[in-house]
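Student: So that we are looking at the same thing, I have put the structure below in structure tokens.
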Amino acid sequence: MKTAAVLATILGSAAAFAPAQQGQTSTALNAFESELGVQEPLGFYDPLGLLKNADQERFDRLRYVEIKHGRVAQLAFLGHLWTYAGIRLPGYLSKDLAIRFEDVPPGLAALPKIPLAGISQIFFFVGFLELAIWRQNPGSFPGDFSPGSGFPVGFVGNPDEEQQYSLRAKELNQGRAAMMGILGLMVHEKLDGNPYIFFDPADW
């Protein structure tokens, strides 16, 4: 009986505080419902609860990471399509090992073919871009790498504020699609060796 009374007291106390906690979480999430990328049909979509009790700084950090991953995924998808179509750089990937670029297979099969020195070059080059070239513009929207960049980035032409917002939304959506796209290609490649279901780039 004592145990039952203690449990009832604990559950009653928890229930007393539950509405306040839910209200605070709902208020925090509502603050992001007007952000870029919140659109039909999903609306505000956070199935993992990454933004639970998050502030604006936390949201901006996650949006920055999402945009960067989307950009990398778009390049990965195009690179996958490009190499599966049989297009290669001329010359040697490694003269010492007598590996030509045309000898490297497309997709995930390329990884074991690339020498360690080549993988290391890719790793350090990406790190250099991350730390020294493509850096966030302080005070601007997440993903704005325009100031002081060694490579041309930013908007093409001179779009107004409304057009910039539309272009940013399109980039975000295309990045999300590319992340799903490159993941799908890798999964199908591992399943049956045929990442492209409806066509074969090699036939182009």
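Quick note on naming: the chains in the structure tokens go A, B, ... in the order shown, residues restart at 1 in each chain, and ligands are numbered from 1 in order of appearance.
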Each residue of range 33-140 of chain A with at least one atom at most 10 Å from range 168-183 of chain A should appear once, together with its nearest atom pair and the corresponding distance in Å (one decimal); atoms considered: only C-alpha atoms; ordering: chain, then increasing residue number; output as CSV.

Tutor:
```
residue,atom,partner,partner_atom,distance
A:Leu36,CA,A:Ala169,CA,6.4
A:Gly37,CA,A:Ala169,CA,6.0
A:Val38,CA,A:Ala169,CA,9.3
A:Gln39,CA,A:Ala169,CA,9.7
A:Arg63,CA,A:Leu172,CA,9.3
A:Glu66,CA,A:Leu172,CA,8.1
A:Ile67,CA,A:Leu172,CA,6.2
A:Lys68,CA,A:Gly175,CA,8.4
A:His69,CA,A:Gly175,CA,7.3
A:Gly70,CA,A:Gly175,CA,3.6
A:Arg71,CA,A:Gly175,CA,5.8
A:Val72,CA,A:Gly175,CA,8.2
A:Ala73,CA,A:Met179,CA,5.1
A:Gln74,CA,A:Ala178,CA,5.1
A:Leu75,CA,A:Ala178,CA,8.6
A:Ala76,CA,A:Ile182,CA,6.8
A:Phe77,CA,A:Ile182,CA,5.3
A:Leu78,CA,A:Ile182,CA,9.1
A:Gly79,CA,A:Ile182,CA,10.0
A:His80,CA,A:Ile182,CA,8.1
A:Leu81,CA,A:Ile182,CA,9.8
```

Student: Mind dumping the selected residues with N, CA and C atoms as an mmCIF file, in the first residue's frame?

Tutor:
```
data_model
loop_
_atom_site.group_PDB
_atom_site.id
_atom_site.type_symbol
_atom_site.label_atom_id
_atom_site.label_comp_id
_atom_site.auth_asym_id
_atom_site.auth_seq_id
_atom_site.Cartn_x
_atom_site.Cartn_y
_atom_site.Cartn_z
ATOM 1 N N LEU A 36 12.621 29.992 -43.114
ATOM 2 C CA LEU A 36 12.822 29.505 -44.479
ATOM 3 C C LEU A 36 12.848 27.976 -44.485
ATOM 4 N N GLY A 37 12.152 27.373 -45.436
ATOM 5 C CA GLY A 37 12.149 25.923 -45.553
ATOM 6 C C GLY A 37 10.952 25.254 -44.916
ATOM 7 N N VAL A 38 10.179 25.993 -44.136
ATOM 8 C CA VAL A 38 8.947 25.445 -43.556
ATOM 9 C C VAL A 38 7.826 25.654 -44.567
ATOM 10 N N GLN A 39 7.407 24.589 -45.221
ATOM 11 C CA GLN A 39 6.435 24.725 -46.299
ATOM 12 C C GLN A 39 5.638 23.443 -46.465
ATOM 13 N N ARG A 63 20.620 24.818 -39.393
ATOM 14 C CA ARG A 63 20.301 25.224 -40.763
ATOM 15 C C ARG A 63 21.584 25.372 -41.588
ATOM 16 N N GLU A 66 22.661 21.939 -42.476
ATOM 17 C CA GLU A 66 21.762 21.372 -43.485
ATOM 18 C C GLU A 66 22.082 21.910 -44.877
ATOM 19 N N ILE A 67 22.304 23.216 -44.975
ATOM 20 C CA ILE A 67 22.619 23.815 -46.270
ATOM 21 C C ILE A 67 23.943 23.291 -46.809
ATOM 22 N N LYS A 68 24.925 23.191 -45.929
ATOM 23 C CA LYS A 68 26.235 22.698 -46.376
ATOM 24 C C LYS A 68 26.141 21.249 -46.837
ATOM 25 N N HIS A 69 25.441 20.413 -46.097
ATOM 26 C CA HIS A 69 25.263 19.021 -46.511
ATOM 27 C C HIS A 69 24.509 18.944 -47.833
ATOM 28 N N GLY A 70 23.518 19.821 -48.011
ATOM 29 C CA GLY A 70 22.779 19.848 -49.265
ATOM 30 C C GLY A 70 23.655 20.216 -50.443
ATOM 31 N N ARG A 71 24.541 21.165 -50.249
ATOM 32 C CA ARG A 71 25.453 21.566 -51.327
ATOM 33 C C ARG A 71 26.409 20.434 -51.681
ATOM 34 N N VAL A 72 26.958 19.781 -50.659
ATOM 35 C CA VAL A 72 27.853 18.643 -50.905
ATOM 36 C C VAL A 72 27.100 17.527 -51.619
ATOM 37 N N ALA A 73 25.853 17.270 -51.211
ATOM 38 C CA ALA A 73 25.066 16.205 -51.826
ATOM 39 C C ALA A 73 24.761 16.509 -53.286
ATOM 40 N N GLN A 74 24.513 17.781 -53.612
ATOM 41 C CA GLN A 74 24.269 18.138 -55.015
ATOM 42 C C GLN A 74 25.506 17.858 -55.864
ATOM 43 N N LEU A 75 26.680 18.216 -55.345
ATOM 44 C CA LEU A 75 27.918 17.926 -56.074
ATOM 45 C C LEU A 75 28.140 16.421 -56.184
ATOM 46 N N ALA A 76 27.829 15.685 -55.110
ATOM 47 C CA ALA A 76 28.010 14.231 -55.122
ATOM 48 C C ALA A 76 27.092 13.576 -56.146
ATOM 49 N N PHE A 77 25.841 14.030 -56.207
ATOM 50 C CA PHE A 77 24.891 13.446 -57.159
ATOM 51 C C PHE A 77 25.352 13.701 -58.593
ATOM 52 N N LEU A 78 25.772 14.943 -58.866
ATOM 53 C CA LEU A 78 26.245 15.257 -60.218
ATOM 54 C C LEU A 78 27.505 14.474 -60.560
ATOM 55 N N GLY A 79 28.417 14.347 -59.588
ATOM 56 C CA GLY A 79 29.635 13.575 -59.817
ATOM 57 C C GLY A 79 29.345 12.109 -60.074
ATOM 58 N N HIS A 80 28.384 11.563 -59.350
ATOM 59 C CA HIS A 80 27.984 10.165 -59.544
ATOM 60 C C HIS A 80 27.418 9.970 -60.943
ATOM 61 N N LEU A 81 26.543 10.877 -61.344
ATOM 62 C CA LEU A 81 25.940 10.802 -62.678
ATOM 63 C C LEU A 81 27.000 10.963 -63.767
#
```

Student: Using only C-alpha atoms, determine which residues lie at most 12 Å from range 196-198 of chain A, disregarding the query and same-chain residues fewer than 3 positions distant; provide the list as a PyMOL selection string.

Tutor: chain A and resi 77+80-81+84-85+107+181-182+184-193+201-203

Student: Could you jot down the CA of Glu57 in chain A to CA of Ala132 in chain A separation for me, Å, one decimal place?

Tutor: 22.3 Å

Student: Quick check for you: according to DSSP on this backbone, which residues of range 42-166 of chain A are classed as helix (DSSP H, G or I)? Reply as number ranges by chain.

Tutor: A: 56-84, 101-103, 107-113, 116-133, 161-166

Student: Report the distance between CA of Leu108 in chain A and CA of Phe125 in chain A in Å, rounded to one decimal place.

Tutor: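 Going from CA of Leu108 in chain A over to CA of Phe125 in chain A covers 20.1 Å.
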
Student: Name the closest residue to Phe141 in chain A among the candidates A:Gly118, A:Arg61, A:Pro159, A:Ala110; distances are taken between atoms, counting only C-alpha atoms.

Tutor: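 Among A:Gly118, A:Arg61, A:Pro159, A:Ala110, it is A:Arg61 that comes nearest to Phe141 in chain A.
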